[in-house]
file start-v5.txt (compact mmCIF, C-alpha atoms)
# COMPACT_ATOMS: atom_id res chain seq x y z
CA MET A 299 -70.26 24.26 1.18
CA ALA A 300 -70.91 27.40 3.23
CA ASP A 301 -70.72 27.52 7.00
CA GLY A 302 -74.07 28.08 8.67
CA LEU A 303 -75.77 29.03 11.92
CA ILE A 304 -79.31 29.42 13.23
CA ILE A 305 -80.65 32.59 14.85
CA ALA A 306 -83.28 31.38 17.34
CA ALA A 307 -85.11 32.67 20.41
CA PRO A 308 -87.03 31.46 23.46
CA ALA A 309 -90.30 32.76 21.98
CA SER A 310 -91.82 34.70 19.11
CA GLY A 311 -91.52 38.45 19.53
CA SER A 312 -87.98 38.34 20.92
CA GLY A 313 -86.58 40.34 18.00
CA LYS A 314 -84.85 37.61 15.99
CA THR A 315 -86.29 38.74 12.64
CA THR A 316 -85.05 42.33 12.93
CA LEU A 317 -81.65 41.15 14.17
CA THR A 318 -81.39 38.60 11.35
CA LEU A 319 -82.27 41.22 8.74
CA GLY A 320 -79.78 43.69 10.17
CA LEU A 321 -77.07 41.03 10.22
CA LEU A 322 -77.75 39.95 6.64
CA ARG A 323 -77.75 43.54 5.40
CA GLN A 324 -74.56 44.39 7.29
CA LEU A 325 -72.73 41.31 5.99
CA ALA A 326 -73.84 42.07 2.43
CA ARG A 327 -72.57 45.63 2.84
CA ARG A 328 -69.19 44.27 3.88
CA GLY A 329 -68.97 42.16 0.76
CA VAL A 330 -69.53 38.82 2.50
CA ALA A 331 -71.11 36.21 0.20
CA VAL A 332 -74.05 35.47 2.50
CA THR A 333 -77.27 33.55 1.87
CA ALA A 334 -80.38 33.29 4.01
CA ALA A 335 -82.68 30.49 5.12
CA LYS A 336 -85.84 30.36 7.21
CA VAL A 337 -86.94 27.47 9.40
CA GLY A 338 -90.50 26.35 8.69
CA PRO A 339 -93.15 27.35 6.16
CA ASP A 340 -93.11 31.16 6.59
CA TYR A 341 -92.96 32.92 3.21
CA ILE A 342 -93.21 36.51 4.48
CA ASP A 343 -90.01 36.60 6.56
CA SER A 344 -88.21 34.89 3.68
CA ALA A 345 -89.02 37.73 1.30
CA PHE A 346 -87.45 40.21 3.75
CA HIS A 347 -84.32 38.05 3.93
CA THR A 348 -84.02 38.05 0.15
CA ALA A 349 -84.34 41.83 0.08
CA ALA A 350 -81.65 42.15 2.78
CA CYS A 351 -78.91 40.11 1.12
CA GLY A 352 -79.84 39.38 -2.51
CA PRO A 353 -80.07 35.63 -3.20
CA ASP A 354 -83.42 33.90 -2.67
CA CYS A 355 -84.02 32.86 0.92
CA LEU A 356 -84.93 29.17 1.09
CA ASN A 357 -87.26 27.57 3.64
CA LEU A 358 -85.89 24.54 5.49
CA ASP A 359 -88.48 22.37 7.20
CA THR A 360 -87.74 19.09 8.95
CA TRP A 361 -91.43 18.13 9.17
CA ALA A 362 -92.60 19.11 5.70
CA MET A 363 -89.45 18.17 3.78
CA ARG A 364 -87.66 14.90 3.15
CA PRO A 365 -84.13 14.88 4.62
CA GLU A 366 -82.71 14.71 1.09
CA THR A 367 -84.64 17.86 0.17
CA VAL A 368 -83.23 19.72 3.18
CA ALA A 369 -79.72 18.55 2.28
CA THR A 370 -80.12 19.58 -1.36
CA LEU A 371 -81.37 23.05 -0.44
CA ILE A 372 -78.54 23.60 2.04
CA ASP A 373 -76.09 22.58 -0.68
CA ARG A 374 -77.75 25.07 -3.02
CA LEU A 375 -77.55 27.83 -0.39
CA GLY A 376 -73.83 27.18 -0.08
CA ASP A 377 -73.16 27.37 -3.81
CA GLY A 378 -70.79 30.31 -4.10
CA ALA A 379 -71.52 31.54 -0.57
CA ALA A 380 -69.29 31.77 2.48
CA LEU A 381 -72.05 31.84 5.10
CA THR A 382 -75.70 30.89 5.49
CA VAL A 383 -77.70 32.66 8.19
CA CYS A 384 -80.89 30.77 9.04
CA GLU A 385 -83.66 32.41 11.06
CA GLY A 386 -85.58 30.09 13.36
CA VAL A 387 -89.32 29.79 13.81
CA MET A 388 -91.25 30.67 16.99
CA GLY A 389 -89.27 29.52 20.06
CA LEU A 390 -86.25 27.26 19.65
CA PHE A 391 -88.08 24.11 20.78
CA ASP A 392 -91.55 24.98 19.44
CA GLY A 393 -92.98 22.84 16.67
CA ALA A 394 -95.95 20.72 15.68
CA PHE A 395 -97.60 18.20 18.00
CA VAL A 396 -96.38 14.89 16.60
CA PRO A 397 -95.90 11.31 17.86
CA PRO A 398 -92.66 10.65 19.77
CA GLY A 399 -89.65 10.07 17.55
CA GLN A 400 -90.93 12.21 14.67
CA SER A 401 -89.53 15.60 13.75
CA ASP A 402 -91.77 18.46 14.84
CA GLY A 403 -90.34 21.03 12.42
CA SER A 404 -88.77 23.11 15.20
CA SER A 405 -85.58 25.13 14.94
CA ALA A 406 -84.03 22.70 17.44
CA ASP A 407 -84.72 19.75 15.14
CA LEU A 408 -83.06 21.53 12.21
CA ALA A 409 -80.06 22.39 14.39
CA ALA A 410 -79.73 18.76 15.48
CA LEU A 411 -80.12 17.47 11.91
CA THR A 412 -77.61 19.84 10.33
CA GLY A 413 -75.14 20.36 13.17
CA TRP A 414 -75.46 24.12 12.70
CA PRO A 415 -74.81 26.02 15.95
CA VAL A 416 -77.53 28.17 17.49
CA VAL A 417 -77.26 31.85 18.42
CA LEU A 418 -80.04 32.70 20.85
CA VAL A 419 -81.79 36.09 20.87
CA ILE A 420 -83.29 36.80 24.31
CA ASP A 421 -85.59 39.71 25.10
CA GLY A 422 -83.88 41.26 28.12
CA ARG A 423 -86.77 43.43 29.27
CA GLY A 424 -87.61 43.00 32.93
CA MET A 425 -84.73 40.60 33.64
CA THR A 426 -81.24 40.69 35.09
CA GLY A 427 -80.17 37.53 36.93
CA SER A 428 -83.13 35.60 35.55
CA ALA A 429 -81.68 36.06 32.09
CA ALA A 430 -78.94 33.62 33.04
CA ALA A 431 -81.50 30.97 33.99
CA VAL A 432 -83.24 31.36 30.62
CA LEU A 433 -79.95 31.07 28.78
CA ALA A 434 -78.71 28.07 30.76
CA GLY A 435 -82.02 26.25 30.38
CA PHE A 436 -82.10 26.68 26.62
CA ALA A 437 -78.40 25.91 26.19
CA ARG A 438 -78.51 22.63 28.10
CA LEU A 439 -81.95 21.16 27.43
CA ARG A 440 -80.95 19.07 24.41
CA PRO A 441 -77.47 17.57 24.20
CA ASP A 442 -77.80 16.98 20.44
CA LEU A 443 -77.62 20.67 19.59
CA ARG A 444 -75.20 23.45 20.45
CA VAL A 445 -76.21 26.91 21.67
CA THR A 446 -72.90 28.69 21.20
CA GLY A 447 -73.81 32.39 21.34
CA VAL A 448 -76.41 34.77 22.76
CA VAL A 449 -77.60 38.28 21.98
CA PHE A 450 -79.75 40.18 24.46
CA ASN A 451 -82.34 42.46 22.90
CA ARG A 452 -84.12 45.53 24.32
CA VAL A 453 -81.48 46.10 27.00
CA ALA A 454 -82.19 49.39 28.81
CA GLY A 455 -78.67 50.69 29.48
CA GLU A 456 -75.19 50.04 30.81
CA ARG A 457 -76.25 48.91 34.32
CA HIS A 458 -78.81 46.53 32.81
CA ARG A 459 -76.20 45.19 30.41
CA ALA A 460 -73.59 44.69 33.11
CA ALA A 461 -76.00 42.82 35.39
CA ILE A 462 -77.06 40.42 32.65
CA ALA A 463 -73.49 39.88 31.51
CA ALA A 464 -72.24 39.07 35.04
CA ALA A 465 -75.09 36.63 35.70
CA CYS A 466 -74.62 34.80 32.39
CA ALA A 467 -70.83 34.62 32.70
CA ALA A 468 -71.23 32.94 36.08
CA ALA A 469 -74.07 30.56 35.19
CA CYS A 470 -73.36 29.70 31.54
CA PRO A 471 -69.75 30.55 30.63
CA GLU A 472 -69.70 28.18 27.64
CA VAL A 473 -72.06 30.46 25.66
CA ARG A 474 -70.42 33.50 24.03
CA LEU A 475 -71.99 36.88 24.84
CA LEU A 476 -72.23 38.53 21.42
CA GLY A 477 -74.06 41.77 22.05
CA PHE A 478 -76.68 43.84 23.83
CA ILE A 479 -79.19 45.59 21.58
CA PRO A 480 -81.00 48.66 22.95
CA PRO A 481 -84.73 49.24 22.41
CA ALA A 482 -85.41 50.40 18.85
CA PRO A 483 -89.13 51.22 18.55
CA ALA A 484 -88.59 52.77 15.12
CA LEU A 485 -87.66 49.30 13.82
CA GLU A 486 -90.80 47.54 15.05
CA MET A 487 -92.25 45.71 12.04
CA PRO A 488 -95.96 46.22 11.21
CA SER A 489 -98.17 43.13 11.01
CA ARG A 490 -101.55 42.03 9.73
CA HIS A 491 -103.58 38.82 10.02
CA LEU A 492 -101.07 36.45 8.37
CA GLY A 493 -97.93 37.99 9.88
CA LEU A 494 -95.69 40.87 8.87
CA VAL A 495 -96.75 43.32 6.19
CA GLN A 496 -95.05 41.99 3.05
CA ALA A 497 -91.64 43.25 1.96
CA CYS A 498 -93.04 44.13 -1.48
CA GLU A 499 -95.57 46.49 0.14
CA ARG A 500 -93.04 48.54 2.13
CA GLY A 501 -91.92 51.66 0.34
CA ASP A 502 -89.40 52.29 3.12
CA LEU A 503 -87.84 48.82 2.89
CA ALA A 504 -84.31 49.87 1.90
CA GLY A 505 -84.17 52.48 4.65
CA PHE A 506 -85.51 50.03 7.22
CA LEU A 507 -82.93 47.39 6.30
CA ASP A 508 -80.11 49.92 6.40
CA ALA A 509 -81.24 51.17 9.83
CA ALA A 510 -81.35 47.58 11.13
CA ALA A 511 -77.85 47.00 9.73
CA ASP A 512 -76.56 50.13 11.48
CA LEU A 513 -78.09 49.01 14.79
CA VAL A 514 -76.51 45.56 14.52
CA ALA A 515 -73.10 46.98 13.56
CA ALA A 516 -73.11 49.28 16.58
CA HIS A 517 -74.10 46.71 19.20
CA LEU A 518 -73.16 43.23 17.97
CA ASP A 519 -69.79 41.50 17.73
CA ILE A 520 -70.33 40.41 14.14
CA GLU A 521 -66.89 38.87 13.70
CA ALA A 522 -67.35 36.68 16.78
CA LEU A 523 -70.82 35.63 15.63
CA VAL A 524 -69.61 34.66 12.15
CA ALA A 525 -66.73 32.69 13.66
CA LEU A 526 -69.26 30.43 15.43
CA ALA A 527 -70.70 29.16 12.10
CA ARG A 528 -70.00 25.59 11.02
CA PRO A 529 -70.70 23.53 7.86
CA SER A 530 -73.76 21.30 7.75
CA CYS A 531 -73.18 17.61 8.39
CA LEU A 532 -75.80 16.66 5.77
CA ALA A 533 -74.67 15.37 2.40
CA ALA A 534 -76.71 16.42 -0.63
CA GLY A 535 -78.59 13.52 -2.16
CA ARG A 536 -80.19 12.82 -5.51
CA GLU A 537 -82.01 15.83 -6.95
CA THR A 538 -85.73 15.13 -7.29
CA GLY A 539 -87.32 18.54 -6.78
CA PRO A 540 -89.96 19.26 -4.16
CA LEU A 541 -92.97 18.99 -6.51
CA PRO A 542 -93.52 17.65 -10.03
CA PRO A 543 -93.89 20.47 -12.59
CA LEU A 544 -97.47 21.39 -13.47
CA GLY A 545 -96.47 21.59 -17.13
CA GLN A 546 -93.69 22.38 -19.56
CA SER A 547 -94.46 26.10 -19.69
CA ILE A 548 -95.88 27.42 -16.40
CA ALA A 549 -97.42 30.89 -16.01
CA VAL A 550 -97.01 32.00 -12.38
CA ALA A 551 -99.09 34.81 -10.85
CA ARG A 552 -96.84 37.24 -8.97
CA ASP A 553 -97.72 40.58 -7.34
CA GLU A 554 -98.84 41.89 -3.93
CA ALA A 555 -101.93 39.68 -4.02
CA PHE A 556 -100.06 36.50 -5.05
CA ALA A 557 -96.65 36.57 -3.35
CA PHE A 558 -96.64 33.35 -1.31
CA ALA A 559 -94.68 31.04 -3.59
CA TYR A 560 -91.75 29.04 -2.26
CA PRO A 561 -88.54 29.74 -4.27
CA ALA A 562 -87.48 26.09 -3.79
CA VAL A 563 -90.64 24.89 -5.55
CA LEU A 564 -90.24 27.29 -8.47
CA GLU A 565 -86.55 26.50 -8.83
CA GLY A 566 -87.35 22.79 -8.62
CA TRP A 567 -89.67 23.15 -11.60
CA ARG A 568 -86.95 24.98 -13.55
CA ARG A 569 -84.40 22.29 -12.75
CA ALA A 570 -86.89 19.68 -13.97
CA GLY A 571 -86.95 21.44 -17.35
CA ALA A 572 -90.04 23.66 -17.05
CA ASP A 573 -90.08 27.24 -18.35
CA LEU A 574 -91.58 29.78 -15.95
CA GLY A 575 -93.13 33.12 -16.86
CA PHE A 576 -94.77 35.61 -14.51
CA PHE A 577 -97.88 37.76 -14.78
CA SER A 578 -99.69 40.22 -12.51
CA PRO A 579 -103.41 39.73 -11.90
CA LEU A 580 -103.54 43.11 -10.15
CA ALA A 581 -102.30 44.72 -13.37
CA ASP A 582 -105.12 42.87 -15.19
CA GLN A 583 -102.70 40.55 -16.93
CA GLY A 584 -103.75 37.05 -17.90
CA PRO A 585 -101.43 34.05 -18.19
CA ASP A 586 -99.36 33.64 -21.33
CA PRO A 587 -101.63 32.06 -23.97
CA ALA A 588 -98.78 29.70 -24.86
CA ALA A 589 -98.49 28.32 -21.33
CA ASP A 590 -99.73 24.79 -20.74
CA ALA A 591 -100.04 25.35 -16.97
CA VAL A 592 -101.02 28.20 -14.63
CA TYR A 593 -100.03 28.48 -10.98
CA LEU A 594 -101.84 30.85 -8.62
CA PRO A 595 -99.93 30.89 -5.30
CA GLY A 596 -101.27 32.23 -2.03
CA GLY A 597 -101.19 35.83 -0.92
CA TYR A 598 -103.67 38.52 0.01
CA PRO A 599 -106.41 38.52 -2.66
CA GLU A 600 -108.91 39.42 0.06
CA LEU A 601 -107.28 42.86 0.35
CA HIS A 602 -107.69 43.43 -3.40
CA ALA A 603 -110.93 41.54 -4.06
CA GLY A 604 -112.78 44.46 -5.64
CA ARG A 605 -109.92 45.22 -7.99
CA LEU A 606 -109.47 41.58 -8.98
CA ALA A 607 -113.20 41.22 -9.61
CA GLY A 608 -113.05 44.08 -12.09
CA ASN A 609 -110.02 42.81 -13.96
CA ALA A 610 -111.66 41.20 -16.96
CA GLY A 611 -108.37 40.51 -18.71
CA PHE A 612 -107.14 38.39 -15.81
CA ALA A 613 -110.38 36.44 -15.39
CA GLY A 614 -110.80 35.99 -19.13
CA GLY A 615 -107.23 34.74 -19.42
CA LEU A 616 -107.87 32.10 -16.77
CA ARG A 617 -111.07 30.93 -18.47
CA ALA A 618 -109.34 30.82 -21.86
CA ALA A 619 -106.52 28.73 -20.36
CA ALA A 620 -109.04 26.28 -18.92
CA ALA A 621 -110.90 26.10 -22.23
CA ARG A 622 -107.74 25.14 -24.13
CA GLY A 623 -106.92 22.42 -21.58
CA ALA A 624 -104.09 24.10 -19.64
CA THR A 625 -103.62 22.85 -16.09
CA ILE A 626 -104.67 25.53 -13.58
CA TYR A 627 -103.70 25.06 -9.94
CA GLY A 628 -104.32 27.44 -7.04
CA GLU A 629 -103.19 27.42 -3.42
CA CYS A 630 -104.93 29.25 -0.57
CA GLY A 631 -105.49 32.77 -1.97
CA GLY A 632 -105.11 31.39 -5.48
CA TYR A 633 -107.68 28.73 -4.66
CA MET A 634 -110.16 31.36 -3.47
CA VAL A 635 -109.74 33.35 -6.68
CA LEU A 636 -110.57 30.25 -8.75
CA GLY A 637 -113.90 30.08 -6.91
CA ARG A 638 -117.18 31.84 -7.54
CA THR A 639 -117.30 34.49 -4.82
CA LEU A 640 -114.96 36.03 -2.25
CA VAL A 641 -116.62 38.01 0.54
CA ASP A 642 -114.30 40.63 2.03
CA ALA A 643 -114.01 41.70 5.68
CA ASP A 644 -116.74 44.31 5.19
CA GLY A 645 -119.19 41.67 4.01
CA LEU A 646 -119.09 42.68 0.34
CA GLY A 647 -119.17 39.81 -2.14
CA HIS A 648 -116.88 39.94 -5.18
CA PRO A 649 -117.19 37.60 -8.18
CA MET A 650 -114.06 35.59 -8.88
CA ALA A 651 -113.09 33.40 -11.86
CA GLY A 652 -115.90 30.90 -11.29
CA LEU A 653 -113.85 27.87 -12.32
CA LEU A 654 -114.48 25.95 -9.06
CA GLY A 655 -117.57 25.59 -6.91
CA LEU A 656 -116.10 27.57 -4.02
CA GLU A 657 -117.38 30.55 -2.04
CA THR A 658 -115.27 32.02 0.78
CA SER A 659 -115.72 34.79 3.32
CA PHE A 660 -113.57 37.01 5.51
CA ALA A 661 -116.64 38.51 7.17
CA ARG A 662 -116.68 35.40 9.35
CA ARG A 663 -112.98 34.97 10.05
CA ARG A 664 -111.72 31.71 11.49
CA LEU A 665 -108.09 30.69 11.86
CA HIS A 666 -106.93 27.55 10.05
CA LEU A 667 -103.32 26.80 10.91
CA GLY A 668 -101.08 23.77 10.83
CA TYR A 669 -99.04 21.27 8.87
CA ARG A 670 -100.91 19.05 6.45
CA ARG A 671 -100.19 15.69 4.84
CA VAL A 672 -102.30 15.21 1.72
CA SER A 673 -102.77 12.54 -0.93
CA LEU A 674 -104.36 12.87 -4.35
CA ARG A 675 -107.81 11.32 -4.74
CA GLY A 676 -107.46 11.14 -8.51
CA ALA A 677 -104.87 11.68 -11.21
CA MET A 678 -103.85 15.21 -12.17
CA ALA A 679 -100.69 17.10 -13.12
CA LEU A 680 -99.07 16.62 -9.69
CA GLY A 681 -99.30 12.84 -9.82
CA VAL A 682 -101.28 9.62 -9.77
CA PRO A 683 -104.02 8.70 -7.27
CA GLY A 684 -102.50 8.30 -3.83
CA ALA A 685 -99.46 10.48 -4.53
CA GLY A 686 -98.56 12.12 -1.23
CA PHE A 687 -97.34 15.59 -0.32
CA ARG A 688 -96.65 17.63 2.77
CA GLY A 689 -97.55 21.26 3.23
CA HIS A 690 -98.96 23.94 5.46
CA GLU A 691 -102.31 25.69 5.90
CA PHE A 692 -102.59 29.22 7.28
CA HIS A 693 -105.59 31.41 6.55
CA TYR A 694 -108.59 33.13 8.11
CA ALA A 695 -111.11 32.50 5.33
CA SER A 696 -114.33 30.66 6.11
CA VAL A 697 -115.76 28.33 3.49
CA VAL A 698 -119.34 29.29 2.70
CA ARG A 699 -119.73 26.65 0.01
CA GLU A 700 -117.39 24.02 -1.45
CA GLU A 701 -119.16 21.96 -4.10
CA GLY A 702 -117.67 19.40 -6.45
CA THR A 703 -115.04 16.68 -6.51
CA ALA A 704 -112.46 16.79 -3.71
CA LEU A 705 -108.79 17.03 -4.68
CA PHE A 706 -107.03 15.61 -1.61
CA ASP A 707 -107.48 13.47 1.46
CA ALA A 708 -105.82 15.32 4.33
CA ALA A 709 -104.38 14.69 7.79
CA ASP A 710 -102.69 16.94 10.35
CA ALA A 711 -99.08 16.71 11.54
CA GLY A 712 -99.96 14.06 14.09
CA GLY A 713 -101.73 11.85 11.53
CA ARG A 714 -105.31 12.72 12.53
CA SER A 715 -107.62 12.57 9.51
CA LEU A 716 -109.08 15.90 8.41
CA GLY A 717 -111.16 14.39 5.63
CA ALA A 718 -111.29 15.68 2.08
CA CYS A 719 -109.96 19.07 1.06
CA GLY A 720 -109.72 21.13 -2.08
CA LEU A 721 -111.59 20.78 -5.37
CA ILE A 722 -110.88 19.59 -8.89
CA ASP A 723 -112.97 20.20 -11.98
CA GLY A 724 -111.32 18.93 -15.15
CA VAL A 725 -108.00 20.74 -15.57
CA VAL A 726 -108.71 23.22 -12.74
CA SER A 727 -107.86 22.38 -9.14
CA GLY A 728 -106.70 23.82 -5.85
CA SER A 729 -106.85 23.77 -2.08
CA PHE A 730 -105.98 25.86 0.96
CA VAL A 731 -102.78 23.84 1.49
CA HIS A 732 -99.44 25.33 0.46
CA LEU A 733 -97.54 22.29 -0.83
CA ILE A 734 -93.88 22.15 0.22
CA ASP A 735 -92.50 18.73 -0.73
CA ARG A 736 -93.40 15.25 -1.84
CA HIS A 737 -94.04 12.72 0.89
CA GLN A 738 -91.60 9.83 1.30
call {"tool": "encode", "arguments": {"input": "start-v5.txt", "output": "structure tokens"}}
result
Amino acid sequence: MADGLIIAAPASGSGKTTLTLGLLRQLARRGVAVTAAKVGPDYIDSAFHTAACGPDCLNLDTWAMRPETVATLIDRLGDGAALTVCEGVMGLFDGAFVPPGQSDGSSADLAALTGWPVVLVIDGRGMTGSAAAVLAGFARLRPDLRVTGVVFNRVAGERHRAAIAAACAAACPEVRLLGFIPPAPALEMPSRHLGLVQACERGDLAGFLDAAADLVAAHLDIEALVALARPSCLAAGRETGPLPPLGQSIAVARDEAFAFAYPAVLEGWRRAGADLGFFSPLADQGPDPAADAVYLPGGYPELHAGRLAGNAGFAGGLRAAAARGATIYGECGGYMVLGRTLVDADGLGHPMAGLLGLETSFARRRLHLGYRRVSLRGAMALGVPGAGFRGHEFHYASVVREEGTALFDAADAGGRSLGACGLIDGVVSGSFVHLIDRHQ
């Protein structure tokens, strides 16, 4: 089993993603067998991690995953690796609003569950002595986790560095000072409405990762940071896989419009005996005619709606799959494409596959964000009526029309009912929820 640690921060925007990517790239350059993980349901950061170090980055989520799933994935990350670097989500203690005693999915909860130490990344702008108060507060708030190292980001110069270092050494000597990163505006990562611009869309990705690695190598005590890592205290349990396979031969859409698939789910299907093949809707490819199931993951179909609407080979392939009785399942962006119409941000309507009674619009954007617990209303490829799953919803699409039989009953992280969600029509189904794991 590999040693591991969590790179966390007091808040989003502190620079933990860039630092994590630079660290992963630098370790890979040095020949270290390193793997990456990401706390929570984010699929965009994970793709950057994979590009930085090679092996698939796996999401670890203490709210959406069963403890045995987390343990199994950590064991898989450690297979043949010496170190797992896990990037946190939001601020260290930020998670879902849940009843007392339940895991909120925060980085702190994962650190407490696994025993992995935390390295904190603090944005040093505008602070000197106050930086020590931030560090001490985060290091001592929860006795069931260990903040063992700190990196200060966006530090203006030597006097700024020295003032922060002196204050932290006096107030919080038990936390190792690992480095002071100067401002690096050239490494700011561009974003859009669902987060960072995807790794697969960045033509400069290799250069960006190498520049981040150079920055980290110049300003971070990498050897000291790696020495803080510790093995997880979780023992891998019985392998069950996050989700039941949709079929024996599953055609998976994969390109810039359909990139939000969790590697753990796909690998779980493979380990359960399913064969996976990939196709590109943007290249006007349809699913393999021999496949008995089709999976359309989330992504950014709204940015390519006109092109998808004109791709007759893709749409015809979906309709042919439905006609021969293949299971077709779509999540979020994939769900929208299975509908009748997708209206883009300019108000232009584009015909989609027309396999579900769904019409969506980005002309009237509204944020839908949060963990979801869902249960099947009727039998389908994922399970019997009542079968439960946990997942996450994150999109800006508004539903103009949603007609037909609902797929799931849904609740939020705190257990509040959200009513019915998704649609099913024969072998075709989908919803806006990205499924992550079975429920207990």
call {"tool": "atom_distance", "arguments": {"input": "start-v5.txt", "atom1": "atom CA of A:Ala484", "atom2": "atom CA of A:Val417"}}
result
24.0 Å
call {"tool": "closest_residue", "arguments": {"input": "start-v5.txt", "among": "A:Thr315, A:Ser729, A:Thr333, A:Ser696", "to": "A:Leu381", "atoms": "only C-alpha atoms"}}
result
A:Thr333
call {"tool": "residues_around", "arguments": {"input": "start-v5.txt", "residues": "A:Phe506", "least_positions_apart": "2", "cutoff": "10 Å", "atoms": "only C-alpha atoms", "output": "ChimeraX atom specification"}}
result
/A:316,319-320,350,484-487,500-504,508-512
call {"tool": "axis_aligned_box", "arguments": {"input": "start-v5.txt", "around": "stretch 678-692 of chain A", "padding_each_side": "5 Å", "output": "lines of an AutoDock Vina configuration file"}}
result
center_x = -100.3
center_y = 18.8
center_z = -2.9
size_x = 17.4
size_y = 30.9
size_z = 30.4
call {"tool": "atom_distance", "arguments": {"input": "start-v5.txt", "atom1": "atom CA of A:Phe450", "atom2": "atom CA of A:Gly422"}}
result
5.6 Å
call {"tool": "atom_distance", "arguments": {"input": "start-v5.txt", "atom1": "atom CA of A:Ala709", "atom2": "atom CA of A:Gln400"}}
result
15.3 Å
